[in-house]
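**Q** If you scroll down you'll find the structure; I have some questions about it.
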Amino acid sequence: YIVDKKERFYIDSIEYQIEDDSLKKLIFENKGKSPLQHGYYNQTTLANERDFIYNLAIDNGYLKFSKQYITFQVDSTLLGEDTLMIREVIKNPNKKSTHKKFYLDSITFISDANIISSYKRPPQTFQDITFLFGQREYNKKILGWRIFLRKEGEYSRETTIETQRQLSLLDNFKFVNINYDTIDNRLHANIFTSSFEKYETSIEAGLSNTTQGTPGPFTNMNLKIRNIFNYLDIININLDAKLQDLRGVQSKLRNANITKLYTSRQFGSQLSISIPIFFFPIGNKYQRRISKYNPNTQLAFRFSFEDRSTEYTRVEYESKFTYLWQVRNRIKYIITPLQIRWIDSNNSSSFQDFLNTLSIIGNSYANAFKSAVVGSSLLGIEQNFNNYGEGGMGAFLKYTFEIGGQFNDAISNSLFGDKLETFEYLKANLDFRKLNRLNRNTNLAYRINIGYAYPFGDNKALPYDRYFFIGGSSSVRGWIPRRLGPGSYAEFEMDENGNETKRVNSDVEQPGEVLIESSIELRKKLVNFLEGALFVDAGNIWRTSNNSENPEFDNAIFKFDRFISELAVASGVGARLDLQFLILRLDLGIKIFDPAQKKGKRFVGNKILDDFNYYSTINIGIGYPF
């Protein structure tokens, strides 16, 4: 085929023929937002303009407005060559002089709509809203703040949908339906809801896997209680327990020969309370304004106990106070003004000797086993573009910033004395994820995750769980979890003659203050519920200073002139079972470039057959890695 496209036509003039003066005024007030502007002609622009006018009308009182009232006249003869004049025509309903505008006359909220006949309470009123509560009564003020319909206000489909959405986000109602009864141009809004059960329980049980022992049983029990304080609050109580046979972490340190397994016992509980308002002295007027951002105040308390009989016992208490809010589904904000953790750790003498040895060679593992108190504040922002995670194209960006140590004087010296370890630090992290849809059955996903932590206290250390770690099923998948790095530094295993092997000792976790990792993954649907994947992961963690007595630990320090050559690379294949309600994932990661090896010998992609267990890792996970 030979296609002669001719010249493009340019929209030089736009005229409006709108019979309803009130509607005409509304459209002209929003003319700057209109898709129809001067420029080259595009048929899609006219379709977008029709949608724009329709949405503008039904969001400003015109309940029965229809797209059929909108037509366009395109004239190429009035102006110059290749130049168009477009006339937008909006007619009135047949035999009508105007489009009817609808206003709200009354609003009624009905809870337990399916059983209202069996449970009746006297009507209650707040902000011109009549509340008919059934089996359960709720806080009228909080509900009123989440209902954006207003008596004598214009009908708006957008406001109707937003009210329905905000009431659903309260997690107290199975469904929320809004219907309108019409008398002439007056509307009566009925908000029908059905309540969730007040008590909801769930139990999980199974076997937990570990790289340092044998699988052991675990159980997790959760109790959710709704509206116990009549604030549409949600209380979650979680209890968990786990038993596991583990090998002591000293087992492969240099010439140590400790291989006996022991039983680890872990118990924990958590209580969290979430209330859908800001507990902050800002007044009812502002509470009502910010209700459209789904505000929440959360208070959480956590207790955990771990007993590794031959090594240590550890008790940890944590309390946290958090504000959360979001702008529709696009941006979520998380502010934790205060988080306090108290750690009581008791180490056996042999295990403490082991930790002291690690400190000498530069590993910060010992920081995890100090009795300490940690106070911190955190800011998190999550941006979701085009519904990332729900299929199709989309992106996700998360920033977190944390400062620790600003409450040391208040919570350490005054409450616990000065014998506990304290920390002062700054930490920042940026995580970006993107999904591109190549065709109906194929997606390309990639991720970039970078972070930096700066300890500035006297001990120049971070709380152990604030370090960065890398490796595992959602990271660089050729390495087992938290064992990659730091930099090009490594401790190697010994053979039976006391000589170093090419295998890096992976018994001890490797923390770092600098993180760089990235992944790219091609996902393709194979048949029905089976999906395949090809991926390449790269990254590492580094330390920022050498506080040890080991000069070789300088290889763990981040330096701009060499960090690229210290990025570990892994590649592999994966299979995923899409069971609709969850995705089961199996990935085989293969080491390609190992920075722990000597220069010139870091490419290890051709050694998979020499030692399959070392140069590859099988990862099992739930959900996509990113």
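Going through the structure tokens in order, the chains are called A, B, and so on, while each chain numbers its residues from 1 and the ligands are numbered from 1 in the order shown.
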Please list as a list in words every residue within 6 Å of His188 of chain A, counting only C-alpha atoms and excluding residues in the same chain fewer than 6 positions away.
**A**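 Answer for this query is Asp105, Ser106, Ile107, Tyr180 and Asp181 of chain A.
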**Q** Using N, CA, C and O atoms, can you write the selected residues to a file as an mmCIF file, in the first residue's frame?
**A**
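The resulting file, result-v9.cif, is reproduced below:
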```
data_model
loop_
_atom_site.group_PDB
_atom_site.id
_atom_site.type_symbol
_atom_site.label_atom_id
_atom_site.label_comp_id
_atom_site.auth_asym_id
_atom_site.auth_seq_id
_atom_site.Cartn_x
_atom_site.Cartn_y
_atom_site.Cartn_z
ATOM 1 N N ASP A 105 -31.414 17.541 49.033
ATOM 2 C CA ASP A 105 -32.410 18.009 49.981
ATOM 3 C C ASP A 105 -32.187 17.406 51.364
ATOM 4 O O ASP A 105 -32.437 18.061 52.382
ATOM 5 N N SER A 106 -31.703 16.160 51.411
ATOM 6 C CA SER A 106 -31.447 15.501 52.688
ATOM 7 C C SER A 106 -30.486 14.337 52.473
ATOM 8 O O SER A 106 -30.332 13.830 51.365
ATOM 9 N N ILE A 107 -29.836 13.905 53.572
ATOM 10 C CA ILE A 107 -28.845 12.835 53.525
ATOM 11 C C ILE A 107 -29.110 11.899 54.701
ATOM 12 O O ILE A 107 -29.239 12.351 55.846
ATOM 13 N N TYR A 180 -29.874 7.650 45.170
ATOM 14 C CA TYR A 180 -30.576 8.934 45.248
ATOM 15 C C TYR A 180 -32.041 8.748 44.880
ATOM 16 O O TYR A 180 -32.371 8.101 43.878
ATOM 17 N N ASP A 181 -32.911 9.308 45.726
ATOM 18 C CA ASP A 181 -34.335 9.422 45.397
ATOM 19 C C ASP A 181 -34.575 10.828 44.865
ATOM 20 O O ASP A 181 -34.095 11.814 45.452
#
```
**Q** May I have the residues within 6 Å of Lys591 of chain A as a PyMOL selection string, using only C-alpha atoms and disregarding those fewer than 3 positions away in the same chain?
**A** chain A and resi 478+570+615
**Q** Could you write out that same residue set with all heavy atoms as a PDB file, in the first residue's frame?
**A**
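Final output, again20.pdb:
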```
ATOM      1  N   GLY A 478      21.365 -14.365  43.456  1.00  0.00           N
ATOM      2  CA  GLY A 478      22.414 -15.375  43.430  1.00  0.00           C
ATOM      3  C   GLY A 478      23.039 -15.599  44.788  1.00  0.00           C
ATOM      4  O   GLY A 478      23.815 -16.544  44.975  1.00  0.00           O
ATOM      5  N   ALA A 570      24.075 -11.202  39.408  1.00  0.00           N
ATOM      6  CA  ALA A 570      23.472 -12.537  39.355  1.00  0.00           C
ATOM      7  C   ALA A 570      22.412 -12.548  38.263  1.00  0.00           C
ATOM      8  O   ALA A 570      21.789 -11.525  37.973  1.00  0.00           O
ATOM      9  CB  ALA A 570      22.856 -12.914  40.697  1.00  0.00           C
ATOM     10  N   TYR A 615      27.482 -21.646  43.740  1.00  0.00           N
ATOM     11  CA  TYR A 615      27.331 -20.604  42.724  1.00  0.00           C
ATOM     12  C   TYR A 615      25.878 -20.369  42.312  1.00  0.00           C
ATOM     13  O   TYR A 615      25.615 -19.568  41.418  1.00  0.00           O
ATOM     14  CB  TYR A 615      28.169 -20.946  41.495  1.00  0.00           C
ATOM     15  CG  TYR A 615      29.651 -20.823  41.755  1.00  0.00           C
ATOM     16  CD1 TYR A 615      30.451 -21.956  41.883  1.00  0.00           C
ATOM     17  CD2 TYR A 615      30.256 -19.589  41.907  1.00  0.00           C
ATOM     18  CE1 TYR A 615      31.819 -21.857  42.126  1.00  0.00           C
ATOM     19  CE2 TYR A 615      31.614 -19.464  42.157  1.00  0.00           C
ATOM     20  CZ  TYR A 615      32.381 -20.608  42.271  1.00  0.00           C
ATOM     21  OH  TYR A 615      33.729 -20.488  42.530  1.00  0.00           O
TER      22      TYR A 615
END
```
**Q** How many Å lie between atom CA of Ala368 of chain A and atom CA of Asp465 of chain A, rounded to one decimal?
**A**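 It comes out at 7.6 Å.
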**Q** Would you kindly return, as a PyMOL selection string, each protein, DNA or RNA residue with an atom no farther than 8 Å from any atom of segment 61-72 of chain A, considering only C-alpha atoms and excluding same-chain residues fewer than 2 positions away?
**A** chain A and resi 46+50-51+54+57-59+74+86-93+99-103+154-156
**Q** Using 8 Å as the limit and counting only C-alpha atoms, can you tabulate each residue of segment 366-405 of chain A that touches segment 335-346 of chain A, with its shortest atom-to-atom distance in Å and the two atoms involved, as a Markdown table?
**A**
```
| residue | atom | partner | partner_atom | distance |
| --- | --- | --- | --- | --- |
| A:Phe369 | CA | A:Ser345 | CA | 5.8 |
| A:Lys370 | CA | A:Ser345 | CA | 5.9 |
| A:Ser371 | CA | A:Asp344 | CA | 4.6 |
| A:Ala372 | CA | A:Ile343 | CA | 5.1 |
| A:Val373 | CA | A:Trp342 | CA | 4.5 |
| A:Val374 | CA | A:Arg341 | CA | 5.1 |
| A:Gly375 | CA | A:Ile340 | CA | 4.5 |
| A:Ser376 | CA | A:Gln339 | CA | 5.3 |
| A:Ser377 | CA | A:Pro337 | CA | 4.9 |
| A:Leu378 | CA | A:Thr336 | CA | 5.0 |
| A:Leu379 | CA | A:Ile335 | CA | 4.7 |
| A:Gly380 | CA | A:Ile335 | CA | 6.4 |
```
**Q** DSSP on the backbone: what in segment 178-374 of chain A comes out alpha helix (DSSP H), as a compact mmCIF listing (two decimals) with all heavy atoms, in the first residue's frame?
**A**
```txt
# COMPACT_ATOMS: atom_id res chain seq x y z
N GLY A 283 -8.47 21.08 65.78
CA GLY A 283 -9.85 21.53 65.73
C GLY A 283 -10.69 20.76 64.74
O GLY A 283 -10.19 20.20 63.75
N ASN A 284 -12.01 20.75 64.97
CA ASN A 284 -12.94 20.01 64.12
C ASN A 284 -12.98 20.52 62.69
O ASN A 284 -13.16 19.75 61.74
CB ASN A 284 -14.34 20.05 64.72
CG ASN A 284 -14.43 19.27 66.01
OD1 ASN A 284 -13.57 18.45 66.31
ND2 ASN A 284 -15.47 19.54 66.80
N LYS A 285 -12.81 21.82 62.51
CA LYS A 285 -12.86 22.39 61.17
C LYS A 285 -11.79 21.80 60.27
O LYS A 285 -12.06 21.41 59.13
CB LYS A 285 -12.69 23.92 61.27
CG LYS A 285 -12.65 24.62 59.93
CD LYS A 285 -12.43 26.13 60.11
CE LYS A 285 -12.31 26.84 58.77
NZ LYS A 285 -12.09 28.30 58.96
N TYR A 286 -10.58 21.67 60.79
CA TYR A 286 -9.48 21.13 59.99
C TYR A 286 -9.54 19.61 59.92
O TYR A 286 -9.12 19.01 58.92
CB TYR A 286 -8.15 21.61 60.55
CG TYR A 286 -7.96 23.10 60.41
CD1 TYR A 286 -8.20 23.96 61.49
CD2 TYR A 286 -7.58 23.65 59.19
CE1 TYR A 286 -8.04 25.33 61.36
CE2 TYR A 286 -7.43 25.03 59.05
CZ TYR A 286 -7.65 25.86 60.14
OH TYR A 286 -7.51 27.21 60.00
N GLN A 287 -10.06 18.97 60.98
CA GLN A 287 -10.25 17.52 60.91
C GLN A 287 -11.18 17.17 59.76
O GLN A 287 -10.97 16.19 59.04
CB GLN A 287 -10.82 17.00 62.24
CG GLN A 287 -9.88 17.06 63.42
CD GLN A 287 -8.88 15.91 63.46
OE1 GLN A 287 -8.71 15.18 62.48
NE2 GLN A 287 -8.20 15.75 64.58
N ARG A 288 -12.21 17.98 59.60
CA ARG A 288 -13.17 17.74 58.51
C ARG A 288 -12.50 17.96 57.15
O ARG A 288 -12.73 17.18 56.21
CB ARG A 288 -14.35 18.68 58.68
CG ARG A 288 -15.40 18.56 57.59
CD ARG A 288 -16.58 19.47 57.90
NE ARG A 288 -17.54 19.48 56.81
CZ ARG A 288 -18.67 20.15 56.82
NH1 ARG A 288 -19.00 20.87 57.89
NH2 ARG A 288 -19.50 20.10 55.81
N ARG A 289 -11.67 18.97 57.04
CA ARG A 289 -11.02 19.26 55.75
C ARG A 289 -10.07 18.15 55.31
O ARG A 289 -9.99 17.80 54.14
CB ARG A 289 -10.24 20.58 55.84
CG ARG A 289 -11.10 21.81 55.83
CD ARG A 289 -10.23 23.06 55.80
NE ARG A 289 -11.02 24.28 55.78
CZ ARG A 289 -10.49 25.51 55.76
NH1 ARG A 289 -9.16 25.65 55.74
NH2 ARG A 289 -11.27 26.56 55.75
N ILE A 290 -9.35 17.59 56.28
CA ILE A 290 -8.34 16.59 55.91
C ILE A 290 -8.91 15.18 55.84
O ILE A 290 -8.18 14.24 55.49
CB ILE A 290 -7.16 16.60 56.90
CG1 ILE A 290 -7.62 16.20 58.31
CG2 ILE A 290 -6.48 17.95 56.92
CD1 ILE A 290 -6.50 16.12 59.31
N SER A 349 29.39 -16.59 77.35
CA SER A 349 30.79 -16.16 77.29
C SER A 349 31.44 -16.57 75.97
O SER A 349 32.19 -15.79 75.37
CB SER A 349 31.57 -16.75 78.46
OG SER A 349 31.47 -18.17 78.46
N SER A 350 31.13 -17.77 75.47
CA SER A 350 31.73 -18.21 74.21
C SER A 350 31.21 -17.38 73.04
O SER A 350 31.96 -17.03 72.12
CB SER A 350 31.44 -19.69 73.96
OG SER A 350 30.03 -19.92 73.88
N PHE A 351 29.92 -17.03 73.10
CA PHE A 351 29.36 -16.23 72.01
C PHE A 351 29.91 -14.81 72.05
O PHE A 351 30.18 -14.20 71.01
CB PHE A 351 27.83 -16.21 72.13
CG PHE A 351 27.14 -15.53 70.97
CD1 PHE A 351 27.20 -16.06 69.70
CD2 PHE A 351 26.45 -14.34 71.17
CE1 PHE A 351 26.57 -15.44 68.64
CE2 PHE A 351 25.82 -13.71 70.11
CZ PHE A 351 25.88 -14.27 68.85
N GLN A 352 30.12 -14.26 73.25
CA GLN A 352 30.70 -12.92 73.35
C GLN A 352 32.12 -12.91 72.82
O GLN A 352 32.54 -11.94 72.17
CB GLN A 352 30.68 -12.46 74.80
CG GLN A 352 31.09 -11.00 74.99
CD GLN A 352 30.20 -10.04 74.24
OE1 GLN A 352 28.98 -10.09 74.37
NE2 GLN A 352 30.80 -9.16 73.44
N ASP A 353 32.89 -13.97 73.06
CA ASP A 353 34.24 -14.07 72.49
C ASP A 353 34.18 -14.07 70.97
O ASP A 353 35.01 -13.44 70.31
CB ASP A 353 34.92 -15.35 72.99
CG ASP A 353 35.26 -15.28 74.48
OD1 ASP A 353 35.30 -14.16 75.02
OD2 ASP A 353 35.47 -16.35 75.08
N PHE A 354 33.19 -14.77 70.44
CA PHE A 354 33.01 -14.79 68.99
C PHE A 354 32.70 -13.40 68.44
O PHE A 354 33.26 -12.96 67.43
CB PHE A 354 31.89 -15.78 68.65
CG PHE A 354 31.35 -15.65 67.26
CD1 PHE A 354 32.10 -16.04 66.17
CD2 PHE A 354 30.08 -15.13 67.04
CE1 PHE A 354 31.59 -15.91 64.88
CE2 PHE A 354 29.58 -15.00 65.77
CZ PHE A 354 30.33 -15.40 64.69
N LEU A 355 31.82 -12.66 69.14
CA LEU A 355 31.47 -11.30 68.70
C LEU A 355 32.69 -10.39 68.76
O LEU A 355 32.89 -9.55 67.87
CB LEU A 355 30.36 -10.74 69.58
CG LEU A 355 29.00 -11.44 69.51
CD1 LEU A 355 28.02 -10.81 70.49
CD2 LEU A 355 28.43 -11.39 68.10
N ASN A 356 33.51 -10.54 69.79
CA ASN A 356 34.71 -9.73 69.90
C ASN A 356 35.66 -10.01 68.74
O ASN A 356 36.31 -9.09 68.22
CB ASN A 356 35.41 -10.00 71.24
CG ASN A 356 34.57 -9.56 72.42
OD1 ASN A 356 33.69 -8.70 72.29
ND2 ASN A 356 34.85 -10.13 73.58
N THR A 357 35.75 -11.27 68.33
CA THR A 357 36.59 -11.63 67.18
C THR A 357 36.09 -10.97 65.91
O THR A 357 36.86 -10.47 65.10
CB THR A 357 36.63 -13.16 67.02
OG1 THR A 357 37.08 -13.75 68.23
CG2 THR A 357 37.56 -13.56 65.88
N LEU A 358 34.76 -10.97 65.75
CA LEU A 358 34.19 -10.33 64.56
C LEU A 358 34.48 -8.83 64.54
O LEU A 358 34.75 -8.24 63.49
CB LEU A 358 32.68 -10.56 64.51
CG LEU A 358 32.19 -11.96 64.14
CD1 LEU A 358 30.67 -11.99 64.11
CD2 LEU A 358 32.74 -12.39 62.78
N SER A 359 34.40 -8.19 65.69
CA SER A 359 34.67 -6.75 65.76
C SER A 359 36.09 -6.45 65.32
O SER A 359 36.34 -5.43 64.67
CB SER A 359 34.43 -6.24 67.18
OG SER A 359 33.08 -6.42 67.56
N ILE A 360 37.01 -7.33 65.66
CA ILE A 360 38.42 -7.12 65.29
C ILE A 360 38.59 -7.14 63.77
O ILE A 360 39.35 -6.35 63.20
CB ILE A 360 39.31 -8.19 65.95
CG1 ILE A 360 39.34 -7.97 67.47
CG2 ILE A 360 40.73 -8.14 65.40
CD1 ILE A 360 40.06 -9.06 68.23
```
**Q** Could you jot down the atom CA of Asn347 of chain A to atom CA of Glu491 of chain A separation for me, Å, one decimal place?
**A**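 Going from atom CA of Asn347 of chain A over to atom CA of Glu491 of chain A covers 23.4 Å.
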**Q** A:Ile381, A:Ile590, A:Ile183, A:Val476: which is nearest Gln326 of chain A, counting only C-alpha atoms?
**A** A:Ile381
**Q** Could you pull out the strand (DSSP E or B) residues of segment 109-266 of chain A, going by DSSP on the backbone, and write them as a ChimeraX atom specification?
**A** /A:109-110,124-126,129-132,154,173-183,186-195,199-208,213-214,216-226,234-247,261-266
**Q** Excluding same-chain residues fewer than 6 positions from segment 194-210 of chain A, what lies within 9 Å of it counting only C-alpha atoms, as JSON, numbers by chain?
**A** {"A": [110, 111, 112, 113, 114, 115, 135, 136, 171, 172, 173, 174, 175, 176, 216, 217, 218, 219, 220, 221, 222, 223, 224, 225, 226, 227, 228, 242, 243, 244, 246]}
**Q** Need the shell around Tyr464 of chain A: protein/DNA/RNA residues with any atom at most 10 Å away, counting only C-alpha atoms. Skip same-chain ones fewer than 2 positions apart. Format as a PyMOL selection string?
**A** chain A and resi 364-370+461-462+466-468+511-512
**Q** Export, as a compact mmCIF listing (two decimals), in the first residue's frame, the selected residues with N, CA and C atoms.
**A**
```txt
# COMPACT_ATOMS: atom_id res chain seq x y z
N SER A 364 30.15 -5.69 62.02
CA SER A 364 29.36 -5.01 63.05
C SER A 364 28.30 -5.91 63.65
N TYR A 365 28.43 -7.20 63.43
CA TYR A 365 27.43 -8.15 63.94
C TYR A 365 27.23 -8.00 65.45
N ALA A 366 28.29 -7.62 66.16
CA ALA A 366 28.21 -7.51 67.62
C ALA A 366 27.19 -6.46 68.06
N ASN A 367 26.93 -5.46 67.23
CA ASN A 367 26.00 -4.41 67.62
C ASN A 367 24.58 -4.93 67.83
N ALA A 368 24.27 -6.08 67.20
CA ALA A 368 22.94 -6.63 67.32
C ALA A 368 22.71 -7.25 68.70
N PHE A 369 23.78 -7.47 69.45
CA PHE A 369 23.66 -8.22 70.70
C PHE A 369 24.09 -7.40 71.91
N LYS A 370 23.95 -6.08 71.80
CA LYS A 370 24.17 -5.20 72.92
C LYS A 370 22.84 -4.77 73.50
N ALA A 461 28.15 3.82 65.28
CA ALA A 461 27.45 2.61 64.86
C ALA A 461 25.96 2.90 64.73
N LEU A 462 25.27 2.03 64.00
CA LEU A 462 23.83 2.07 63.86
C LEU A 462 23.21 0.97 64.71
N ARG A 466 19.00 -1.17 61.56
CA ARG A 466 18.99 0.01 60.70
C ARG A 466 20.10 -0.03 59.66
N TYR A 467 20.94 -1.05 59.70
CA TYR A 467 21.91 -1.23 58.63
C TYR A 467 21.20 -1.72 57.37
N PHE A 468 21.86 -1.58 56.24
CA PHE A 468 21.37 -2.16 54.99
C PHE A 468 21.95 -3.56 54.83
N PRO A 511 26.34 -6.40 57.35
CA PRO A 511 25.66 -5.09 57.34
C PRO A 511 26.48 -4.03 56.63
N GLY A 512 25.81 -2.97 56.19
CA GLY A 512 26.51 -1.87 55.55
C GLY A 512 25.75 -0.57 55.70
```
**Q** Taking 6 positions as the minimum chain separation for residues in the same chain, which residues sit within 9 Å of Phe126 of chain A when counting only C-alpha atoms? Answer as an MDAnalysis selection string.
**A** chainID A and resid 140:141 144
**Q** Please dump the current selection as a PDB file, in the first residue's frame; keep N, CA, C and O atoms.
**A**
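The resulting part_17.pdb:
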```
ATOM      1  N   LYS A 140     -20.702   9.515  65.094  1.00  0.00           N
ATOM      2  CA  LYS A 140     -21.326  10.347  64.058  1.00  0.00           C
ATOM      3  C   LYS A 140     -20.364  11.386  63.507  1.00  0.00           C
ATOM      4  O   LYS A 140     -20.381  11.711  62.326  1.00  0.00           O
ATOM      5  N   LYS A 141     -19.521  11.934  64.381  1.00  0.00           N
ATOM      6  CA  LYS A 141     -18.623  12.994  63.961  1.00  0.00           C
ATOM      7  C   LYS A 141     -17.621  12.481  62.919  1.00  0.00           C
ATOM      8  O   LYS A 141     -17.415  13.103  61.881  1.00  0.00           O
ATOM      9  N   GLY A 144     -19.426  11.733  59.764  1.00  0.00           N
ATOM     10  CA  GLY A 144     -19.795  12.985  59.103  1.00  0.00           C
ATOM     11  C   GLY A 144     -18.627  13.623  58.379  1.00  0.00           C
ATOM     12  O   GLY A 144     -18.795  14.217  57.309  1.00  0.00           O
TER      13      GLY A 144
END
```
**Q** Can you pull out the residues contacting Glu158 of chain A? Cut-off 10 Å, using only C-alpha atoms, and skip same-chain residues under 5 positions away; I want them as a list in words.
**A**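 Listing them by chain and then by number gives Asn55, Leu56, Ile58, Asp59, Asn60, Thr163 and Gln164 of chain A.
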**Q** For Ile277 of chain A, which of A:Leu324, A:Ile448, A:Ala596, A:Leu78 is the closest residue, counting only C-alpha atoms?
**A**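 Of all the options, A:Leu324 lies closest to Ile277 of chain A.
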**Q** Could you tell me how far atom CA of Asn528 of chain A lies from atom CA of Leu579 of chain A, in Å and to one decimal?
**A**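 Distance between the two atoms: 10.0 Å.
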**Q** Select, from A:Asn185, A:Ser319, A:Asn238, A:Gln597, the residue with the minimum atom-to-atom distance to Lys502 of chain A, counting only C-alpha atoms.
**A**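 Nearest candidate to Lys502 of chain A out of A:Asn185, A:Ser319, A:Asn238, A:Gln597: A:Gln597.
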**Q** Select, from A:Ile470, A:Ala490, A:Ile403, A:Leu397, the residue with the minimum atom-to-atom distance to Tyr454 of chain A, counting only C-alpha atoms.
**A**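 Of A:Ile470, A:Ala490, A:Ile403, A:Leu397, the one nearest Tyr454 of chain A is A:Ile403, counting only C-alpha atoms.
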**Q** Give the answer as one residue: which of A:Pro215, A:Gly574, A:Gly600, A:Gly471 has the shortest atom-to-atom distance to Ala538 of chain A, using only C-alpha atoms?
**A**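 Closest residue, counting only C-alpha atoms: A:Gly471.
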**Q** Counting only C-alpha atoms, which of A:Glu390, A:Asp554, A:Asp507, A:Glu493 gets nearest to Pro481 of chain A?
**A**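 Using only C-alpha atoms, Pro481 of chain A sits closest to A:Asp507.
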